[in-house]
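Containing mmCIF, C-alpha atoms: start-v1.cif.
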data_work
#
loop_
_atom_site.label_atom_id
_atom_site.label_comp_id
_atom_site.auth_asym_id
_atom_site.auth_seq_id
_atom_site.Cartn_x
_atom_site.Cartn_y
_atom_site.Cartn_z
CA MET A 1 72.25 65.75 64.48
CA THR A 2 69.62 67.41 66.67
CA ALA A 3 69.40 66.93 70.43
CA ALA A 4 66.33 64.72 69.94
CA ASP A 5 68.19 62.58 67.37
CA SER A 6 71.13 62.23 69.74
CA LEU A 7 68.83 61.20 72.59
CA ARG A 8 67.10 58.66 70.36
CA ALA A 9 70.45 57.16 69.35
CA SER A 10 71.55 56.94 72.98
CA LEU A 11 68.32 55.30 74.13
CA ARG A 12 68.33 52.88 71.20
CA ALA A 13 71.89 51.83 72.10
CA ARG A 14 70.88 51.41 75.74
CA ARG A 15 67.98 49.17 74.71
CA ARG A 16 70.11 47.09 72.35
CA ALA A 17 72.71 46.55 75.08
CA GLN A 18 70.30 44.44 77.13
CA PRO A 19 71.29 40.73 76.94
CA GLN A 20 68.83 38.39 75.23
CA THR A 21 68.18 36.40 78.42
CA PHE A 22 67.34 39.64 80.25
CA ARG A 23 64.99 40.69 77.42
CA GLU A 24 63.12 37.40 77.65
CA GLN A 25 62.80 37.59 81.45
CA ALA A 26 61.78 41.26 81.23
CA ALA A 27 59.00 40.43 78.75
CA LEU A 28 57.59 37.79 81.12
CA ALA A 29 57.84 40.12 84.13
CA ALA A 30 56.15 43.00 82.27
CA ALA A 31 53.37 40.68 81.07
CA ALA A 32 52.71 39.47 84.61
CA ALA A 33 52.72 43.01 85.99
CA LEU A 34 50.26 44.27 83.36
CA ALA A 35 48.01 41.21 83.72
CA GLY A 36 47.72 42.04 87.41
CA THR A 37 46.15 45.45 86.74
CA SER A 38 42.51 46.26 86.09
CA PRO A 39 43.18 47.35 82.47
CA GLY A 40 45.29 44.24 81.89
CA ARG A 41 42.50 42.01 83.16
CA ASN A 42 39.46 43.81 81.74
CA ALA A 43 40.39 45.26 78.33
CA ARG A 44 38.48 43.46 75.56
CA ARG A 45 40.06 45.13 72.49
CA ILE A 46 43.83 45.40 72.88
CA ALA A 47 46.26 46.96 70.41
CA ALA A 48 49.85 45.83 70.71
CA PHE A 49 52.90 45.74 68.46
CA VAL A 50 55.50 43.28 67.22
CA ALA A 51 58.81 43.93 68.96
CA VAL A 52 61.71 44.87 66.68
CA ASP A 53 65.19 46.23 67.32
CA ALA A 54 65.43 44.88 70.91
CA GLU A 55 62.11 46.42 72.04
CA LEU A 56 60.49 44.95 75.13
CA ASP A 57 58.34 42.16 73.68
CA PRO A 58 54.61 42.33 74.44
CA GLY A 59 54.27 38.78 73.05
CA PRO A 60 53.80 37.05 76.43
CA PHE A 61 51.03 39.49 77.40
CA ILE A 62 49.40 39.12 73.97
CA ALA A 63 49.39 35.32 74.34
CA THR A 64 47.71 35.59 77.76
CA ALA A 65 45.13 38.03 76.39
CA ARG A 66 44.27 35.73 73.49
CA GLU A 67 43.91 32.75 75.83
CA ALA A 68 41.41 34.81 77.83
CA GLY A 69 39.35 35.45 74.68
CA ARG A 70 40.36 39.08 74.15
CA GLN A 71 40.68 40.59 70.69
CA VAL A 72 44.22 41.61 69.72
CA PHE A 73 44.96 44.18 67.03
CA LEU A 74 48.27 45.17 65.46
CA PRO A 75 49.09 48.55 63.88
CA VAL A 76 49.43 48.96 60.14
CA LEU A 77 50.41 52.09 58.21
CA GLY A 78 47.56 54.09 56.66
CA PRO A 79 45.21 54.43 54.94
CA ARG A 80 45.14 57.95 56.44
CA PRO A 81 48.57 59.45 55.70
CA GLY A 82 50.81 59.50 58.76
CA CYS A 83 48.35 57.52 60.88
CA LEU A 84 47.91 53.93 61.97
CA SER A 85 45.05 51.51 61.46
CA PHE A 86 44.55 48.52 63.74
CA VAL A 87 43.94 45.10 62.19
CA ARG A 88 42.72 42.06 64.12
CA ALA A 89 45.54 39.53 64.41
CA GLU A 90 45.34 35.91 65.49
CA ALA A 91 48.19 33.70 66.66
CA GLY A 92 49.98 32.30 63.63
CA ASP A 93 48.78 34.97 61.19
CA ARG A 94 51.30 35.77 58.51
CA LEU A 95 52.99 39.12 58.99
CA GLU A 96 54.84 41.10 56.34
CA PRO A 97 57.33 43.95 56.86
CA ASN A 98 56.15 47.46 56.06
CA ARG A 99 58.41 50.14 54.57
CA TYR A 100 60.14 50.56 57.96
CA GLY A 101 60.75 46.82 58.30
CA ILE A 102 58.09 46.44 61.02
CA PRO A 103 55.93 43.30 60.68
CA GLU A 104 52.27 43.99 59.94
CA PRO A 105 49.26 41.72 59.46
CA ARG A 106 47.62 41.49 56.06
CA PRO A 107 44.50 43.61 55.51
CA GLY A 108 41.59 42.30 57.55
CA VAL A 109 39.10 43.27 60.22
CA THR A 110 39.96 46.70 61.59
CA VAL A 111 38.80 48.68 64.60
CA ASP A 112 38.76 52.45 64.84
CA ALA A 113 41.41 53.66 67.30
CA GLN A 114 38.82 55.33 69.53
CA PHE A 115 37.10 51.97 70.15
CA LEU A 116 40.18 50.22 71.49
CA ASP A 117 40.29 49.65 75.25
CA LEU A 118 44.04 49.33 75.78
CA VAL A 119 46.95 50.29 73.52
CA LEU A 120 50.49 49.09 74.22
CA VAL A 121 52.72 51.78 72.78
CA PRO A 122 56.35 51.17 71.75
CA LEU A 123 58.88 53.76 72.82
CA LEU A 124 62.51 54.75 72.97
CA GLY A 125 62.15 56.75 76.19
CA PHE A 126 59.63 57.99 78.73
CA ASP A 127 59.64 60.28 81.75
CA GLU A 128 57.90 60.52 85.12
CA THR A 129 54.95 62.50 83.79
CA GLY A 130 53.98 60.30 80.85
CA ASN A 131 55.87 62.05 78.07
CA ARG A 132 57.07 59.58 75.46
CA LEU A 133 59.92 59.67 72.97
CA GLY A 134 59.18 57.57 69.91
CA MET A 135 61.00 57.10 66.64
CA GLY A 136 60.09 60.62 65.52
CA ALA A 137 57.58 59.96 62.74
CA GLY A 138 54.58 60.90 64.91
CA TYR A 139 52.29 58.01 63.93
CA TYR A 140 50.92 57.39 67.44
CA ASP A 141 50.49 61.11 68.17
CA ARG A 142 48.51 61.68 64.96
CA THR A 143 46.45 58.50 65.39
CA PHE A 144 45.39 59.39 68.94
CA GLU A 145 45.20 63.19 68.56
CA PHE A 146 41.44 62.95 69.13
CA ARG A 147 42.22 62.42 72.84
CA ARG A 148 43.68 65.91 73.23
CA GLY A 149 40.32 67.67 72.78
CA ARG A 150 38.35 65.44 75.13
CA ARG A 151 37.32 66.57 78.59
CA HIS A 152 35.70 63.46 80.02
CA TRP A 153 36.25 60.09 78.38
CA LEU A 154 39.93 59.95 77.40
CA GLY A 155 40.00 56.34 76.15
CA PRO A 156 41.58 54.28 74.95
CA LEU A 157 44.18 53.77 77.66
CA LEU A 158 47.69 54.34 76.25
CA ILE A 159 50.33 52.32 78.09
CA GLY A 160 53.99 52.64 77.14
CA PHE A 161 55.84 49.31 76.98
CA GLY A 162 59.60 49.48 77.54
CA TYR A 163 62.55 48.66 79.76
CA GLU A 164 63.31 50.49 82.96
CA CYS A 165 66.61 51.61 81.38
CA GLN A 166 64.54 53.72 78.96
CA ARG A 167 63.23 55.93 81.78
CA ILE A 168 64.74 59.43 81.81
CA ASP A 169 64.18 62.40 84.11
CA THR A 170 62.29 64.72 81.79
CA LEU A 171 61.30 64.91 78.16
CA PRO A 172 60.14 68.12 76.51
CA ALA A 173 56.44 67.97 75.64
CA MET A 174 55.51 69.28 72.22
CA PRO A 175 52.00 70.70 71.60
CA TRP A 176 51.09 67.75 69.35
CA ASP A 177 52.29 65.04 71.76
CA VAL A 178 49.69 62.68 73.19
CA PRO A 179 50.89 61.65 76.66
CA LEU A 180 50.85 58.13 78.02
CA ASP A 181 48.40 57.08 80.73
CA GLY A 182 50.95 54.71 82.17
CA VAL A 183 54.01 52.62 81.46
CA VAL A 184 54.92 49.01 82.08
CA THR A 185 58.49 47.82 82.46
CA GLU A 186 60.14 44.72 83.87
CA GLU A 187 59.86 46.40 87.28
CA GLY A 188 56.11 46.92 87.20
CA VAL A 189 53.33 49.28 86.11
CA GLN A 190 53.25 53.02 86.78
CA MET A 191 50.11 55.02 86.04
CA PHE A 192 50.28 58.77 85.43
CA THR A 193 47.73 61.40 86.37
CA ARG A 194 45.36 61.87 83.45
CA ARG A 195 45.70 65.30 81.95
CA ARG A 196 42.83 67.27 80.51
#
Could you express the structure from this file as structure tokens?
Amino acid sequence: MTAADSLRASLRARRRAQPQTFREQAALAAAAALAGTSPGRNARRIAAFVAVDAELDPGPFIATAREAGRQVFLPVLGPRPGCLSFVRAEAGDRLEPNRYGIPEPRPGVTVDAQFLDLVLVPLLGFDETGNRLGMGAGYYDRTFEFRRGRRHWLGPLLIGFGYECQRIDTLPAMPWDVPLDGVVTEEGVQMFTRRR
């Protein structure tokens, strides 16, 4: 087992150890915190995810966004190998598990990743500078790699969505990593300095 695998296992266990009542309260607190920010209020096209394996649930924020008339998209695997597409999802749409067991919407209206306004990004860990530790497959990094070459407009805004217990001091940054612009936890929203 590599050091990264060991860290992932430790952070996954830490996340799973959170009691269900805490998870539910944390999801509501994170939704309220994000809704109180300019991106949370103004984003028109929002990509989120369906929480699995004790992830912090963006569901309460998604519900608020839909009530405000915003478009919500969920990630699906492909069609570009190793990348994500984003399909418009309405409340009550049928979701089916992909090969990783993550619920996805059926094929439908998609939006190119560069035209999203706000992306809620799942994570296992994050640090104080916006480095993110994911599951290790690199889907988000490959999907948003176009941001690395930009000098001016760096959109869409990538906001990590996780528990405060997933914060760690430092994570090594690999050349292909796409850093987060901010993170929201049950304790609030932290924005990072945008890197060029």
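With distances restricted to all atoms listed in the file, A:Ala17 is the closest residue to Gln166 in chain A from A:Leu77, A:Ala17, A:Val178, A:Met1.
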Quick one: residues within 9 Å of Ala173 in chain A, only C-alpha atoms, excluding same-chain residues fewer than 5 positions away - as JSON, numbers by chain? {"A": [131, 132, 178, 179]}
Could those residues be written to a file, using C-alpha atoms, as an mmCIF file, in the coordinates of the input?
data_model
loop_
_atom_site.group_PDB
_atom_site.id
_atom_site.type_symbol
_atom_site.label_atom_id
_atom_site.label_comp_id
_atom_site.auth_asym_id
_atom_site.auth_seq_id
_atom_site.Cartn_x
_atom_site.Cartn_y
_atom_site.Cartn_z
ATOM 1 C CA ASN A 131 55.870 62.050 78.070
ATOM 2 C CA ARG A 132 57.070 59.580 75.460
ATOM 3 C CA VAL A 178 49.690 62.680 73.190
ATOM 4 C CA PRO A 179 50.890 61.650 76.660
#
**Asked** Using all atoms listed in the file, which residue out of A:Glu24, A:Gly138, A:Gly130, A:Arg147 lies closest to Thr170 in chain A?
**Response**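 For Thr170 in chain A, the nearest of the candidates is A:Gly130.
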task: Taking (47.6, 43.2, 57.6) in the file's own coordinates, collect the residues within 10 Å, counting all atoms listed in the file, and hand them back as an MDAnalysis selection string.
output: chainID A and resid 73:77 85:89 93:98 103:110
Taking 4 positions as the minimum chain separation for residues in the same chain, which residues sit within 7 Å of Thr143 in chain A when counting only C-alpha atoms? Answer as an NGL selection string. :A and (83-84 or 139)
(request) Considering all atoms listed in the file, state which residue in the set A:Met135, A:Gly182, A:Leu171, A:Gly162 is at the smallest distance from Arg8 in chain A. (result)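 Result for the nearest residue to Arg8 in chain A: A:Met135.
Against the coordinates shown, the PyMOL selection byres ((chain A and resi 40-45) around 8) returns Leu34, Ala35, Gly36, Thr37, Ser38, Pro39, Ile46, Ala47, Arg70, Gln71, Val72, Phe73, Phe115, Leu116, Asp117 and Leu118 of chain A.
Note that CA of Arg167 in chain A and CA of Ala63 in chain A are 25.9 Å apart.
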Judged by all atoms listed in the file, the minimum distance to Gly188 in chain A among A:Trp176, A:Tyr140, A:Phe161, A:Phe146 is found for A:Phe161
For this file, the PyMOL selection byres ((chain A and resi 180) around 10) selects which residues, as a PyMOL selection string?
chain A and resi 119-121+126-127+129-132+157-160+177-179+181-183+191-195
Residue with the minimum atom-to-atom distance to Asp53 in chain A, picked from A:Ile102, A:Ala33, A:Val184, A:Ala27 with all atoms listed in the file counted, is A:Ile102
### Task
Taking (63.3, 41.3, 85.8) in the file's own coordinates, collect the residues within 10 Å, counting only C-alpha atoms, and hand them back as a PyMOL selection string.
chain A and resi 22-30+163-164+185-188
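Here CA of Ala113 in chain A stands at a distance of 28.2 Å from CA of Asp5 in chain A.
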CA of Arg16 in chain A and CA of Ala54 in chain A are how many Å apart?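 CA of Ala54 in chain A lies at a distance of 5.4 Å from CA of Arg16 in chain A.
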From the options A:Arg99, A:Gly134, A:Pro60, A:Ser6, which residue's atoms come nearest to Gly78 in chain A, counting only C-alpha atoms?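 Closest to Gly78 in chain A of all the choices is A:Arg99.
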